[in-house]
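Trainee: The following block contains the structure, expressed as structure tokens.
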Amino acid sequence: MTGLIIAFILIVLALYGTPLFVIIASVALIGFHYADIDSMAIIIELYRMAQQPVLLAIPLFTFAGYLLAESKTPERLVNFSQALLGWMPGSLAIITLVSCAVFTAFTGASGVTIVALGGLLYPALIKDNYPKQFSLGMLTVSGNLGLLFPPSLPIILYGLVASTSIDKLFVAGILPGILMVGMLAIYSIFAVKKDVSMAPSIRFDKAKLWKATKEAIWEIPIPFLILGGIYGGFFTATEAAAVMAFYVFIIEVFIYRDISLTKDLVRVTKESMVMVGGILVILAAALGLANYFIDAEIPTQILEAMKGFIDTKFGFLMVLNIFLLVVGAMMDIFSAILVVVPLILPIAQQFGVDPVHLGVIFLANLGIGYSTPPVGMNLFIASFRFNEPVLKLYRATLPFLAILLITLVIITYWPDLSLVLVKWLNI
């Protein structure tokens, strides 16, 4: 009876806006108390996690992402993509998908992408006669496309929590990410062909491409610098974060001068570190909860319960996808990774799911969940950004979500799509 009262109080506190880390930490501490385990176990586990060098990658990549978001990088990125791909049918739709994917990979935050690129791309789509509903739906779901591409912060966080190689995860997400972007691009091209007045392609212009390339010449090499450095054996993922942070700092502050050294830099640094602080606080609370789950053998109990009605890997993956889509719609991706991964990982291993493949499934689901009605976070961010009713965005995103769900099925049941590059590169 006492447990029910405590659970009710925590639910009420959560509904009234109590920070998530408080709820998570409370559950962990109460669980340890009833299990007669010293709460010092939480601090010991946090100290162990803090000693991992890869933890340093989180603030460094976050800082670099915030610098890019606050600079004119979105504008230069869109101009370069348009000069390169503008000749294709449905070119602006493809440019939108590619630009959003790349930008989300850099920043690690899909909401930031909608806010930063939405103001550039939405008026351009409307000007090119794309239907309003089509444009709104595409921009809303495009915010999550880059979560599978390196150096996406959620990939690093998953690797940290799951004790899985971040280098492998960086490679594993590339082909599934390309599949998502590619299938949405194909859908967009066919949608454009239905109406010849929509999205006229422009003639390829070498001079315009050269101009756009010169403007973005310092930002274009970033993904090649990071990936080439890691897989060329020049530096680790943590060192890559330091290289990217320093490189972006130099180009945005001293070369492009989009970020003022005396005014903007302090603000951007503060905002990025507040974000990092939030992640680390949630990480501390989630580690405590994960320890309680393990000590109480909750994953084992869940596995035994599941075996009563699920006895195949196929069935487990189907239930897992449904569960993660719901989680992705209701929680931010960082909290979901920190809370759910320790719970799911041992169960998935019992069903023979590769932890690297599981990471790709996990991030793909959570990304789609961001735009899934009725409470997906990106729906409300887009509603605010474009000043449109959220119900209108529900309808606008449905065809794009259908395409993404098809890709999710392919990613889930074709593990080689995620693992082939890992095996080929022998990482």
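Ligands are numbered from 1 in the order shown, residues from 1 within each chain, and chains are lettered A, B, ... in the order they appear in the structure tokens.
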From a backbone DSSP assignment, name each residue in stretch 305-415 of chain A labelled alpha helix (DSSP H), as a ChimeraX atom specification.
Mentor: /A:305-306,313-330,333-350,355-369,377-386,390-413,415
Trainee: Can you write out the residues you just picked, keeping C-alpha atoms, as a CSV table (one decimal), in the first residue's frame?
Mentor:
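Wrote it out as selection28.csv, contents follow:
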chain,number,residue,atom,x,y,z
A,305,ALA,CA,7.3,-12.5,-18.2
A,306,MET,CA,7.8,-11.9,-22.0
A,313,LYS,CA,13.5,-12.7,-31.8
A,314,PHE,CA,11.0,-11.5,-34.4
A,315,GLY,CA,8.3,-11.0,-31.9
A,316,PHE,CA,10.6,-9.3,-29.4
A,317,LEU,CA,11.7,-6.8,-32.0
A,318,MET,CA,8.1,-6.0,-33.0
A,319,VAL,CA,7.1,-5.3,-29.3
A,320,LEU,CA,10.4,-3.4,-28.8
A,321,ASN,CA,9.6,-1.0,-31.7
A,322,ILE,CA,6.1,-0.3,-30.5
A,323,PHE,CA,7.4,0.4,-27.0
A,324,LEU,CA,10.2,2.7,-28.2
A,325,LEU,CA,7.9,4.7,-30.4
A,326,VAL,CA,5.8,5.4,-27.4
A,327,VAL,CA,8.8,6.3,-25.3
A,328,GLY,CA,10.2,8.5,-28.1
A,329,ALA,CA,6.9,10.4,-28.3
A,330,MET,CA,6.7,11.0,-24.5
A,333,ILE,CA,15.9,11.3,-26.4
A,334,PHE,CA,18.6,11.8,-23.8
A,335,SER,CA,16.3,10.8,-20.9
A,336,ALA,CA,15.0,7.9,-22.9
A,337,ILE,CA,18.4,6.6,-23.6
A,338,LEU,CA,19.6,6.9,-20.0
A,339,VAL,CA,16.5,5.3,-18.5
A,340,VAL,CA,15.5,2.6,-21.0
A,341,VAL,CA,18.7,1.3,-22.4
A,342,PRO,CA,19.9,-0.4,-19.2
A,343,LEU,CA,16.5,-2.0,-18.9
A,344,ILE,CA,16.3,-3.2,-22.5
A,345,LEU,CA,19.9,-4.2,-23.3
A,346,PRO,CA,20.1,-7.4,-21.2
A,347,ILE,CA,16.7,-8.6,-22.6
A,348,ALA,CA,17.8,-7.9,-26.2
A,349,GLN,CA,21.0,-9.8,-25.6
A,350,GLN,CA,18.9,-12.8,-24.4
A,355,PRO,CA,24.1,-4.3,-29.2
A,356,VAL,CA,25.3,-2.2,-32.1
A,357,HIS,CA,22.2,-3.1,-34.2
A,358,LEU,CA,20.1,-2.5,-31.1
A,359,GLY,CA,21.6,1.0,-30.9
A,360,VAL,CA,20.5,1.8,-34.4
A,361,ILE,CA,17.0,0.5,-33.8
A,362,PHE,CA,16.8,2.4,-30.6
A,363,LEU,CA,17.8,5.8,-32.1
A,364,ALA,CA,15.7,5.3,-35.2
A,365,ASN,CA,12.6,4.6,-33.1
A,366,LEU,CA,13.2,7.5,-30.7
A,367,GLY,CA,13.8,9.9,-33.7
A,368,ILE,CA,10.5,8.8,-35.3
A,369,GLY,CA,8.8,9.1,-31.9
A,377,MET,CA,8.0,16.9,-29.1
A,378,ASN,CA,8.8,18.0,-32.7
A,379,LEU,CA,5.1,18.5,-33.4
A,380,PHE,CA,4.9,21.2,-30.7
A,381,ILE,CA,8.2,22.8,-31.7
A,382,ALA,CA,7.1,23.0,-35.3
A,383,SER,CA,3.6,24.3,-34.2
A,384,PHE,CA,5.4,27.1,-32.4
A,385,ARG,CA,8.0,27.8,-35.1
A,386,PHE,CA,5.5,27.9,-38.0
A,390,VAL,CA,-0.7,21.2,-33.8
A,391,LEU,CA,-3.7,19.2,-35.2
A,392,LYS,CA,-2.7,20.5,-38.6
A,393,LEU,CA,0.8,19.1,-38.1
A,394,TYR,CA,-0.7,15.7,-37.1
A,395,ARG,CA,-2.2,15.4,-40.5
A,396,ALA,CA,0.8,16.9,-42.3
A,397,THR,CA,3.3,14.4,-40.9
A,398,LEU,CA,1.3,11.2,-41.5
A,399,PRO,CA,2.5,10.3,-45.0
A,400,PHE,CA,6.1,11.0,-44.0
A,401,LEU,CA,5.7,8.9,-40.8
A,402,ALA,CA,4.4,6.1,-42.9
A,403,ILE,CA,7.6,6.1,-45.0
A,404,LEU,CA,9.7,6.3,-41.9
A,405,LEU,CA,7.9,3.3,-40.3
A,406,ILE,CA,8.6,1.3,-43.5
A,407,THR,CA,12.3,2.1,-43.2
A,408,LEU,CA,12.2,1.2,-39.5
A,409,VAL,CA,10.9,-2.3,-40.3
A,410,ILE,CA,13.8,-2.7,-42.8
A,411,ILE,CA,16.3,-1.5,-40.3
A,412,THR,CA,14.9,-3.7,-37.6
A,413,TYR,CA,14.7,-7.0,-39.5
A,415,PRO,CA,20.6,-6.3,-39.3
Trainee: Of the candidates A:Pro373, A:Thr312, A:Asp38, A:Ile6, which shows the shortest atom-to-atom distance to A:Ile23, using only C-alpha atoms?
Mentor: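 Under the stated criterion, the closest residue is A:Ile6.
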Trainee: Using only C-alpha atoms, can you tell me which of A:Gln301, A:Gln51, A:Asn79, A:Thr96 comes closest to A:Thr113?
Mentor: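 Of all the options, A:Thr96 lies closest to A:Thr113.
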Trainee: For A:Gly376, which of A:Leu227, A:Val98, A:Met331, A:Met183 is the closest residue, counting only C-alpha atoms?
Mentor: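 Closest candidate: A:Met331.
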